[in-house]
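To be precise, the following lines are upload-v9.pdb, and they hold PDB, C-alpha atoms, pLDDT in the B column.
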ATOM      1  CA  MET A 544     -29.043 -19.615 120.196  1.00 86.00           C
ATOM      2  CA  LYS A 545     -26.076 -21.937 120.571  1.00 94.00           C
ATOM      3  CA  ARG A 546     -23.224 -20.521 122.601  1.00 98.00           C
ATOM      4  CA  PHE A 547     -19.660 -21.690 123.089  1.00 98.00           C
ATOM      5  CA  VAL A 548     -18.563 -21.352 126.684  1.00 98.00           C
ATOM      6  CA  GLY A 549     -15.136 -21.445 128.276  1.00 98.00           C
ATOM      7  CA  LEU A 550     -14.635 -21.951 132.012  1.00 98.00           C
ATOM      8  CA  ASP A 551     -11.298 -21.459 133.757  1.00 97.00           C
ATOM      9  CA  PRO A 552     -11.989 -22.655 137.333  1.00 96.00           C
ATOM     10  CA  SER A 553     -10.255 -20.717 140.084  1.00 94.00           C
ATOM     11  CA  THR A 554     -11.103 -18.595 143.121  1.00 94.00           C
ATOM     12  CA  LYS A 555     -11.944 -16.117 140.374  1.00 96.00           C
ATOM     13  CA  THR A 556     -13.366 -18.309 137.625  1.00 97.00           C
ATOM     14  CA  GLY A 557     -12.989 -16.925 134.130  1.00 98.00           C
ATOM     15  CA  PHE A 558     -16.208 -17.142 132.088  1.00 98.00           C
ATOM     16  CA  VAL A 559     -16.634 -16.397 128.381  1.00 98.00           C
ATOM     17  CA  ALA A 560     -19.670 -17.077 126.193  1.00 98.00           C
ATOM     18  CA  MET A 561     -19.235 -16.676 122.429  1.00 98.00           C
ATOM     19  CA  ASN A 562     -21.616 -17.041 119.476  1.00 97.00           C
ATOM     20  CA  GLU A 563     -21.011 -18.829 116.159  1.00 95.00           C
ATOM     21  CA  GLN A 564     -19.717 -15.619 114.581  1.00 95.00           C
ATOM     22  CA  GLY A 565     -16.972 -15.393 117.190  1.00 95.00           C
ATOM     23  CA  ASN A 566     -18.552 -12.460 118.981  1.00 97.00           C
ATOM     24  CA  VAL A 567     -18.127 -12.421 122.767  1.00 98.00           C
ATOM     25  CA  LEU A 568     -21.542 -12.257 124.418  1.00 98.00           C
ATOM     26  CA  ARG A 569     -20.393 -12.379 128.038  1.00 98.00           C
ATOM     27  CA  GLN A 570     -16.976 -12.118 129.662  1.00 98.00           C
ATOM     28  CA  LYS A 571     -16.268 -11.846 133.366  1.00 97.00           C
ATOM     29  CA  ASP A 572     -14.684 -13.260 136.494  1.00 98.00           C
ATOM     30  CA  LEU A 573     -16.997 -15.147 138.838  1.00 98.00           C
ATOM     31  CA  GLN A 574     -15.986 -15.518 142.485  1.00 95.00           C
ATOM     32  CA  GLY A 575     -18.944 -16.532 144.643  1.00 93.00           C
ATOM     33  CA  VAL A 576     -19.656 -15.131 148.109  1.00 96.00           C
ATOM     34  CA  GLY A 577     -17.017 -14.525 150.792  1.00 93.00           C
ATOM     35  CA  ASN A 578     -13.741 -16.385 151.240  1.00 91.00           C
ATOM     36  CA  VAL A 579     -14.701 -19.194 153.629  1.00 94.00           C
ATOM     37  CA  ASP A 580     -15.628 -22.672 152.376  1.00 93.00           C
ATOM     38  CA  PRO A 581     -17.927 -24.425 151.777  1.00 93.00           C
ATOM     39  CA  LYS A 582     -20.022 -21.252 151.272  1.00 96.00           C
ATOM     40  CA  ARG A 583     -17.509 -19.735 148.872  1.00 95.00           C
ATOM     41  CA  MET A 584     -17.242 -22.865 146.721  1.00 96.00           C
ATOM     42  CA  GLU A 585     -20.956 -23.666 146.673  1.00 97.00           C
ATOM     43  CA  SER A 586     -21.960 -20.077 145.869  1.00 97.00           C
ATOM     44  CA  LEU A 587     -19.337 -19.943 143.108  1.00 97.00           C
ATOM     45  CA  ILE A 588     -20.618 -23.158 141.544  1.00 98.00           C
ATOM     46  CA  GLN A 589     -24.157 -21.794 141.697  1.00 97.00           C
ATOM     47  CA  GLU A 590     -23.055 -18.516 140.118  1.00 97.00           C
ATOM     48  CA  ILE A 591     -21.352 -20.429 137.306  1.00 98.00           C
ATOM     49  CA  MET A 592     -24.466 -22.506 136.676  1.00 98.00           C
ATOM     50  CA  ASP A 593     -26.600 -19.341 136.626  1.00 98.00           C
ATOM     51  CA  HIS A 594     -24.563 -18.254 133.604  1.00 97.00           C
ATOM     52  CA  ILE A 595     -24.933 -21.585 131.746  1.00 98.00           C
ATOM     53  CA  GLN A 596     -27.717 -22.161 129.211  1.00 97.00           C
ATOM     54  CA  PRO A 597     -29.106 -25.576 128.124  1.00 96.00           C
ATOM     55  CA  GLU A 598     -27.681 -25.487 124.578  1.00 96.00           C
ATOM     56  CA  ASP A 599     -24.204 -24.309 125.551  1.00 98.00           C
ATOM     57  CA  VAL A 600     -21.133 -26.189 124.333  1.00 97.00           C
ATOM     58  CA  VAL A 601     -18.810 -26.041 127.339  1.00 98.00           C
ATOM     59  CA  CYS A 602     -15.049 -26.474 127.678  1.00 98.00           C
ATOM     60  CA  ILE A 603     -13.435 -26.531 131.138  1.00 98.00           C
ATOM     61  CA  GLU A 604      -9.747 -26.330 131.900  1.00 97.00           C
ATOM     62  CA  SER A 605      -8.639 -29.343 133.917  1.00 94.00           C
ATOM     63  CA  PRO A 606      -6.603 -28.843 137.117  1.00 90.00           C
ATOM     64  CA  ALA A 607      -2.873 -29.046 136.512  1.00 83.00           C
ATOM     65  CA  MET A 608      -1.630 -32.524 137.371  1.00 75.00           C
ATOM     66  CA  GLY A 609       0.979 -32.534 140.103  1.00 66.00           C
ATOM     67  CA  ALA A 610       0.051 -29.043 141.276  1.00 64.00           C
ATOM     68  CA  GLN A 611       1.018 -28.274 144.854  1.00 63.00           C
ATOM     69  CA  GLY A 612       0.210 -25.547 147.327  1.00 63.00           C
ATOM     70  CA  GLN A 613      -2.398 -24.380 149.782  1.00 63.00           C
ATOM     71  CA  GLY A 614      -5.142 -23.876 147.214  1.00 78.00           C
ATOM     72  CA  VAL A 615      -4.898 -27.276 145.486  1.00 86.00           C
ATOM     73  CA  GLY A 616      -7.714 -28.824 147.559  1.00 88.00           C
ATOM     74  CA  PHE A 617     -10.031 -25.972 146.640  1.00 91.00           C
ATOM     75  CA  MET A 618      -9.149 -26.254 142.948  1.00 92.00           C
ATOM     76  CA  TRP A 619      -9.896 -29.974 142.790  1.00 92.00           C
ATOM     77  CA  GLY A 620     -13.082 -29.569 144.823  1.00 94.00           C
ATOM     78  CA  LEU A 621     -14.249 -26.794 142.515  1.00 96.00           C
ATOM     79  CA  ALA A 622     -13.345 -28.829 139.434  1.00 95.00           C
ATOM     80  CA  TYR A 623     -15.473 -31.795 140.513  1.00 95.00           C
ATOM     81  CA  GLY A 624     -18.240 -29.551 141.846  1.00 97.00           C
ATOM     82  CA  ILE A 625     -18.671 -27.779 138.499  1.00 98.00           C
ATOM     83  CA  ARG A 626     -18.635 -31.030 136.552  1.00 97.00           C
ATOM     84  CA  GLY A 627     -21.191 -32.587 138.898  1.00 97.00           C
ATOM     85  CA  ALA A 628     -23.495 -29.570 138.538  1.00 98.00           C
ATOM     86  CA  LEU A 629     -23.245 -29.701 134.731  1.00 98.00           C
ATOM     87  CA  PHE A 630     -23.924 -33.446 134.776  1.00 97.00           C
ATOM     88  CA  ARG A 631     -27.057 -32.980 136.886  1.00 97.00           C
ATOM     89  CA  ARG A 632     -28.317 -30.409 134.408  1.00 96.00           C
ATOM     90  CA  GLY A 633     -27.620 -32.746 131.488  1.00 96.00           C
ATOM     91  CA  ILE A 634     -25.130 -30.336 129.929  1.00 96.00           C
ATOM     92  CA  LYS A 635     -22.266 -31.962 128.037  1.00 92.00           C
ATOM     93  CA  PHE A 636     -18.796 -30.601 128.704  1.00 96.00           C
ATOM     94  CA  HIS A 637     -15.273 -31.213 127.467  1.00 97.00           C
ATOM     95  CA  ASP A 638     -12.136 -31.275 129.616  1.00 96.00           C
ATOM     96  CA  VAL A 639      -9.138 -29.386 128.248  1.00 97.00           C
ATOM     97  CA  ALA A 640      -5.690 -29.869 129.765  1.00 95.00           C
ATOM     98  CA  PRO A 641      -3.639 -26.726 130.521  1.00 95.00           C
ATOM     99  CA  THR A 642      -1.054 -27.875 127.967  1.00 94.00           C
ATOM    100  CA  ALA A 643      -3.759 -28.170 125.281  1.00 96.00           C
ATOM    101  CA  LEU A 644      -5.049 -24.671 126.078  1.00 96.00           C
ATOM    102  CA  LYS A 645      -1.544 -23.238 125.635  1.00 95.00           C
ATOM    103  CA  LYS A 646      -1.011 -25.234 122.451  1.00 95.00           C
ATOM    104  CA  PHE A 647      -4.251 -23.976 120.866  1.00 96.00           C
ATOM    105  CA  CYS A 648      -3.064 -20.351 121.023  1.00 95.00           C
ATOM    106  CA  ASP A 649       0.558 -21.308 120.309  1.00 92.00           C
ATOM    107  CA  ALA A 650       1.662 -20.226 123.785  1.00 82.00           C
ATOM    108  CA  SER A 651       3.576 -23.438 124.410  1.00 77.00           C
ATOM    109  CA  ARG A 652       6.567 -22.126 122.444  1.00 78.00           C
ATOM    110  CA  HIS A 653       8.958 -19.599 123.935  1.00 78.00           C
ATOM    111  CA  ARG A 654       7.679 -16.014 123.715  1.00 83.00           C
ATOM    112  CA  PHE A 655       9.506 -12.830 124.602  1.00 84.00           C
ATOM    113  CA  ASP A 656       8.624  -9.240 125.431  1.00 81.00           C
ATOM    114  CA  ALA A 657       9.969  -6.128 123.697  1.00 81.00           C
ATOM    115  CA  ASP A 658      13.124  -6.264 125.839  1.00 80.00           C
ATOM    116  CA  GLY A 659      13.833  -9.875 124.913  1.00 82.00           C
ATOM    117  CA  LYS A 660      12.797 -11.238 128.292  1.00 86.00           C
ATOM    118  CA  LYS A 661      11.035 -14.616 128.252  1.00 87.00           C
ATOM    119  CA  LEU A 662       7.340 -14.316 129.088  1.00 86.00           C
ATOM    120  CA  ASP A 663       5.776 -16.421 131.839  1.00 87.00           C
ATOM    121  CA  GLY A 664       2.900 -18.807 131.057  1.00 87.00           C
ATOM    122  CA  LYS A 665       0.037 -16.362 131.541  1.00 91.00           C
ATOM    123  CA  ALA A 666       1.729 -13.577 129.571  1.00 92.00           C
ATOM    124  CA  ALA A 667       2.567 -16.014 126.757  1.00 92.00           C
ATOM    125  CA  VAL A 668      -1.074 -17.086 126.543  1.00 95.00           C
ATOM    126  CA  ALA A 669      -2.215 -13.438 126.483  1.00 94.00           C
ATOM    127  CA  GLN A 670       0.206 -12.672 123.660  1.00 93.00           C
ATOM    128  CA  GLY A 671      -0.798 -15.769 121.697  1.00 94.00           C
ATOM    129  CA  VAL A 672      -4.504 -14.976 122.073  1.00 96.00           C
ATOM    130  CA  TYR A 673      -4.018 -11.421 120.838  1.00 95.00           C
ATOM    131  CA  GLU A 674      -2.000 -12.609 117.837  1.00 93.00           C
ATOM    132  CA  HIS A 675      -4.593 -15.237 116.897  1.00 94.00           C
ATOM    133  CA  TRP A 676      -7.862 -13.415 117.516  1.00 96.00           C
ATOM    134  CA  GLY A 677      -7.068  -9.819 118.487  1.00 97.00           C
ATOM    135  CA  TYR A 678      -8.653 -10.414 121.889  1.00 98.00           C
ATOM    136  CA  SER A 679      -7.407  -9.012 125.180  1.00 97.00           C
ATOM    137  CA  HIS A 680      -8.708  -8.663 128.724  1.00 98.00           C
ATOM    138  CA  SER A 681      -7.387  -7.444 132.065  1.00 97.00           C
ATOM    139  CA  SER A 682      -8.033 -10.871 133.676  1.00 97.00           C
ATOM    140  CA  ASN A 683      -5.812 -13.822 132.804  1.00 96.00           C
ATOM    141  CA  ASN A 684      -8.658 -16.126 133.878  1.00 97.00           C
ATOM    142  CA  VAL A 685     -10.979 -14.558 131.311  1.00 98.00           C
ATOM    143  CA  ILE A 686      -8.290 -14.817 128.622  1.00 98.00           C
ATOM    144  CA  ASP A 687      -7.962 -18.554 129.351  1.00 98.00           C
ATOM    145  CA  ALA A 688     -11.748 -18.866 129.246  1.00 98.00           C
ATOM    146  CA  TYR A 689     -11.747 -17.170 125.828  1.00 98.00           C
ATOM    147  CA  VAL A 690      -9.332 -19.787 124.457  1.00 98.00           C
ATOM    148  CA  LEU A 691     -11.576 -22.516 125.879  1.00 98.00           C
ATOM    149  CA  ALA A 692     -14.609 -20.935 124.175  1.00 98.00           C
ATOM    150  CA  GLN A 693     -12.691 -20.968 120.877  1.00 98.00           C
ATOM    151  CA  ILE A 694     -11.868 -24.651 121.422  1.00 98.00           C
ATOM    152  CA  ALA A 695     -15.543 -25.354 122.204  1.00 98.00           C
ATOM    153  CA  TYR A 696     -16.493 -23.852 118.836  1.00 98.00           C
ATOM    154  CA  ALA A 697     -13.765 -25.773 116.985  1.00 97.00           C
ATOM    155  CA  LEU A 698     -15.022 -29.050 118.485  1.00 97.00           C
ATOM    156  CA  THR A 699     -18.297 -28.648 116.573  1.00 96.00           C
ATOM    157  CA  LEU A 700     -16.551 -28.428 113.178  1.00 96.00           C
ATOM    158  CA  ASN A 701     -15.735 -31.328 110.870  1.00 95.00           C
ATOM    159  CA  ASP A 702     -12.333 -31.804 109.228  1.00 94.00           C
ATOM    160  CA  TYR A 703     -13.309 -29.891 106.077  1.00 93.00           C
ATOM    161  CA  GLU A 704     -14.605 -26.954 108.127  1.00 95.00           C
ATOM    162  CA  LEU A 705     -11.437 -26.902 110.218  1.00 94.00           C
ATOM    163  CA  MET A 706      -9.322 -26.760 107.063  1.00 90.00           C
ATOM    164  CA  ALA A 707     -11.537 -24.103 105.481  1.00 91.00           C
ATOM    165  CA  GLY A 708     -11.403 -22.113 108.708  1.00 90.00           C
ATOM    166  CA  ASP A 709      -7.609 -21.869 108.398  1.00 88.00           C
ATOM    167  CA  TYR A 710      -6.952 -23.692 111.677  1.00 95.00           C
ATOM    168  CA  LYS A 711      -3.298 -24.496 112.277  1.00 94.00           C
ATOM    169  CA  ALA A 712      -1.992 -28.060 112.529  1.00 95.00           C
ATOM    170  CA  TYR A 713      -1.400 -27.705 116.271  1.00 95.00           C
ATOM    171  CA  GLN A 714      -4.984 -26.480 116.763  1.00 96.00           C
ATOM    172  CA  TYR A 715      -6.290 -29.467 114.789  1.00 96.00           C
ATOM    173  CA  GLU A 716      -4.267 -31.761 117.072  1.00 96.00           C
ATOM    174  CA  VAL A 717      -5.828 -30.158 120.148  1.00 97.00           C
ATOM    175  CA  VAL A 718      -9.339 -30.700 118.768  1.00 97.00           C
ATOM    176  CA  LYS A 719      -8.635 -34.370 118.082  1.00 96.00           C
ATOM    177  CA  THR A 720      -7.079 -34.854 121.524  1.00 95.00           C
ATOM    178  CA  VAL A 721     -10.031 -33.281 123.347  1.00 96.00           C
ATOM    179  CA  LEU A 722     -12.503 -35.389 121.354  1.00 95.00           C
ATOM    180  CA  LYS A 723     -10.561 -38.614 121.915  1.00 90.00           C
ATOM    181  CA  PRO A 724     -12.566 -41.164 123.959  1.00 77.00           C
ATOM    182  CA  ALA A 725     -11.701 -41.284 127.659  1.00 69.00           C
ATOM    183  CA  ALA A 726     -10.733 -44.978 127.398  1.00 66.00           C
ATOM    184  CA  ASP A 727      -8.115 -44.176 124.747  1.00 74.00           C
ATOM    185  CA  LYS A 728      -6.714 -41.318 126.830  1.00 70.00           C
ATOM    186  CA  LYS A 729      -6.514 -43.637 129.851  1.00 72.00           C
ATOM    187  CA  ALA A 730      -4.688 -46.299 127.834  1.00 76.00           C
ATOM    188  CA  GLU A 731      -2.221 -43.749 126.464  1.00 73.00           C
ATOM    189  CA  LYS A 732      -1.576 -42.379 129.946  1.00 75.00           C
ATOM    190  CA  ALA A 733      -0.980 -45.901 131.296  1.00 79.00           C
ATOM    191  CA  ALA A 734       1.450 -46.630 128.456  1.00 82.00           C
ATOM    192  CA  ALA A 735       3.316 -43.368 129.094  1.00 80.00           C
ATOM    193  CA  ASN A 736       3.562 -44.136 132.819  1.00 84.00           C
ATOM    194  CA  LYS A 737       4.859 -47.640 132.067  1.00 88.00           C
ATOM    195  CA  LYS A 738       7.490 -46.246 129.724  1.00 89.00           C
ATOM    196  CA  LYS A 739       8.513 -43.691 132.351  1.00 87.00           C
ATOM    197  CA  LYS A 740       8.909 -46.399 135.009  1.00 90.00           C
ATOM    198  CA  GLU A 741      10.920 -48.606 132.651  1.00 89.00           C
ATOM    199  CA  LYS A 742      13.216 -45.693 131.858  1.00 89.00           C
ATOM    200  CA  ALA A 743      13.687 -44.930 135.555  1.00 87.00           C
ATOM    201  CA  ALA A 744      14.440 -48.607 136.291  1.00 86.00           C
ATOM    202  CA  ALA A 745      16.998 -48.766 133.479  1.00 84.00           C
ATOM    203  CA  LYS A 746      18.671 -45.613 134.787  1.00 85.00           C
ATOM    204  CA  ALA A 747      18.836 -47.080 138.301  1.00 84.00           C
ATOM    205  CA  VAL A 748      20.466 -50.260 136.963  1.00 83.00           C
ATOM    206  CA  SER A 749      23.037 -48.270 134.987  1.00 80.00           C
ATOM    207  CA  GLU A 750      23.946 -46.253 138.075  1.00 81.00           C
ATOM    208  CA  LEU A 751      24.469 -49.433 140.100  1.00 81.00           C
ATOM    209  CA  THR A 752      26.500 -51.251 137.466  1.00 77.00           C
ATOM    210  CA  GLY A 753      28.248 -48.249 135.967  1.00 73.00           C
ATOM    211  CA  LYS A 754      27.119 -49.409 132.527  1.00 66.00           C
ATOM    212  CA  LYS A 755      24.901 -47.483 130.187  1.00 65.00           C
ATOM    213  CA  PRO A 756      21.796 -49.531 129.236  1.00 61.00           C
ATOM    214  CA  ARG A 757      21.732 -50.560 125.584  1.00 62.00           C
ATOM    215  CA  THR A 758      18.926 -49.063 123.510  1.00 61.00           C
ATOM    216  CA  ARG A 759      16.879 -51.127 121.069  1.00 59.00           C
ATOM    217  CA  SER A 760      18.615 -49.461 118.133  1.00 61.00           C
ATOM    218  CA  GLN A 761      22.050 -50.550 119.336  1.00 60.00           C
ATOM    219  CA  LYS A 762      23.437 -53.914 118.308  1.00 60.00           C
ATOM    220  CA  PRO A 763      25.872 -55.960 120.390  1.00 58.00           C
ATOM    221  CA  ALA A 764      29.452 -55.793 119.191  1.00 59.00           C
ATOM    222  CA  ASP A 765      30.626 -58.612 116.940  1.00 60.00           C
ATOM    223  CA  ALA A 766      32.324 -61.456 118.807  1.00 55.00           C
ATOM    224  CA  VAL A 767      36.110 -61.699 118.435  1.00 56.00           C
ATOM    225  CA  LEU A 768      37.525 -65.164 117.905  1.00 55.00           C
ATOM    226  CA  PHE A 769      40.977 -66.051 119.257  1.00 48.00           C
TER     227      PHE A 769
END
Represent the supplied structure as structure tokens.
Amino acid sequence: MKRFVGLDPSTKTGFVAMNEQGNVLRQKDLQGVGNVDPKRMESLIQEIMDHIQPEDVVCIESPAMGAQGQGVGFMWGLAYGIRGALFRRGIKFHDVAPTALKKFCDASRHRFDADGKKLDGKAAVAQGVYEHWGYSHSSNNVIDAYVLAQIAYALTLNDYELMAGDYKAYQYEVVKTVLKPAADKKAEKAAANKKKKEKAAAKAVSELTGKKPRTRSQKPADAVLF
């Protein structure tokens, strides 16, 4: 039986396995043994792999780029450790950026509670997931894993099936982004970085000269003849 698995790597890794009918077969937090590495990390990776089956379609949330803090080293180590273990088992997996996960359940837009207070990221995802699929769980990690399992299922559908399945435009965009070849993603990232550097350089020049840099859409003023 083919399953669609979502993994949200963390000290408590969210795990969800779903079937083709959308029924959740397994949902839990995995945390390994103890709190001292490398035992904790290695036992957690092993526990994750014990829950993976050969025919699973797996989606893993990527570590947030630019994340800082004491636990960042563990998160990146765990991320590569899981991917290496899946690779050795010959199990294909798909990386899903945190922004794509939020977009798939429409949590990237501003959401508010009953008192009108803006929800934080995790609460927004939980609300979006409940609105889309009627799913809830006490663990935010498991909720993220559920979204990833839904993405894993959507990745197996063709365009006609996505349209017939009433997927939203933003969900379709996530599917296409996740399936995009790594080389294309790398080229797009390089282009974005180049544009960012050019913008920063132009800003620095304008601050030095006191002149606002001219955009491509602006034309130089007509010359005045005396």
(request) Step by step, work through what the PyMOL selection byres ((chain A and resi 686) around 10) selects in the shown file, and finish by giving those residues as a PyMOL selection string. (result) chain A and resi 549+551+557-559+570-571+665+668-669+672-673+678-685+687-692
Go ahead and write the selection's residues with C-alpha atoms as a PDB file, in the coordinates of the input.
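Result written to part.pdb:
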ATOM      1  CA  GLY A 549     -15.136 -21.445 128.276  1.00 98.00           C
ATOM      2  CA  ASP A 551     -11.298 -21.459 133.757  1.00 97.00           C
ATOM      3  CA  GLY A 557     -12.989 -16.925 134.130  1.00 98.00           C
ATOM      4  CA  PHE A 558     -16.208 -17.142 132.088  1.00 98.00           C
ATOM      5  CA  VAL A 559     -16.634 -16.397 128.381  1.00 98.00           C
ATOM      6  CA  GLN A 570     -16.976 -12.118 129.662  1.00 98.00           C
ATOM      7  CA  LYS A 571     -16.268 -11.846 133.366  1.00 97.00           C
ATOM      8  CA  LYS A 665       0.037 -16.362 131.541  1.00 91.00           C
ATOM      9  CA  VAL A 668      -1.074 -17.086 126.543  1.00 95.00           C
ATOM     10  CA  ALA A 669      -2.215 -13.438 126.483  1.00 94.00           C
ATOM     11  CA  VAL A 672      -4.504 -14.976 122.073  1.00 96.00           C
ATOM     12  CA  TYR A 673      -4.018 -11.421 120.838  1.00 95.00           C
ATOM     13  CA  TYR A 678      -8.653 -10.414 121.889  1.00 98.00           C
ATOM     14  CA  SER A 679      -7.407  -9.012 125.180  1.00 97.00           C
ATOM     15  CA  HIS A 680      -8.708  -8.663 128.724  1.00 98.00           C
ATOM     16  CA  SER A 681      -7.387  -7.444 132.065  1.00 97.00           C
ATOM     17  CA  SER A 682      -8.033 -10.871 133.676  1.00 97.00           C
ATOM     18  CA  ASN A 683      -5.812 -13.822 132.804  1.00 96.00           C
ATOM     19  CA  ASN A 684      -8.658 -16.126 133.878  1.00 97.00           C
ATOM     20  CA  VAL A 685     -10.979 -14.558 131.311  1.00 98.00           C
ATOM     21  CA  ASP A 687      -7.962 -18.554 129.351  1.00 98.00           C
ATOM     22  CA  ALA A 688     -11.748 -18.866 129.246  1.00 98.00           C
ATOM     23  CA  TYR A 689     -11.747 -17.170 125.828  1.00 98.00           C
ATOM     24  CA  VAL A 690      -9.332 -19.787 124.457  1.00 98.00           C
ATOM     25  CA  LEU A 691     -11.576 -22.516 125.879  1.00 98.00           C
ATOM     26  CA  ALA A 692     -14.609 -20.935 124.175  1.00 98.00           C
TER      27      ALA A 692
END
(request) Measure the distance from CA of Tyr713 in chain A to CA of Lys646 in chain A in Å and round it to one decimal. (result)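 Taking CA of Tyr713 in chain A and CA of Lys646 in chain A, their separation equals 6.7 Å.
Here the question is which of A:Pro724, A:Gly575, A:Pro552, A:Gly708 gets nearest to Ala622 in chain A using all atoms listed in the file, and that residue is A:Pro552.
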(message) So, with all atoms listed in the file as the atoms that count, which of A:Arg652, A:Lys728, A:Arg546, A:Lys711 lies closest to Asp638 in chain A?
(response)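 Of A:Arg652, A:Lys728, A:Arg546, A:Lys711, the one nearest Asp638 in chain A is A:Lys728, counting all atoms listed in the file.
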(request) Please evaluate the PyMOL selection byres ((chain A and resi 697) around 10) against the displayed coordinates and give the resulting residues as number ranges by chain. (result) A: 547, 691-696, 698-702, 704-705, 708, 710, 714-715, 717-718
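Here CA of Ile588 in chain A and CA of Gly565 in chain A stand 25.8 Å from one another.
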(message) Here's the selection I'm unsure about, the PyMOL selection byres ((chain A and resi 667) around 10); applied to the file above, which residues does it give, as a ChimeraX atom specification?
(response) /A:645,648-656,661-666,668-673
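Computed from the coordinates, the CA of Lys545 in chain A to CA of Asn562 in chain A distance equals 6.7 Å.
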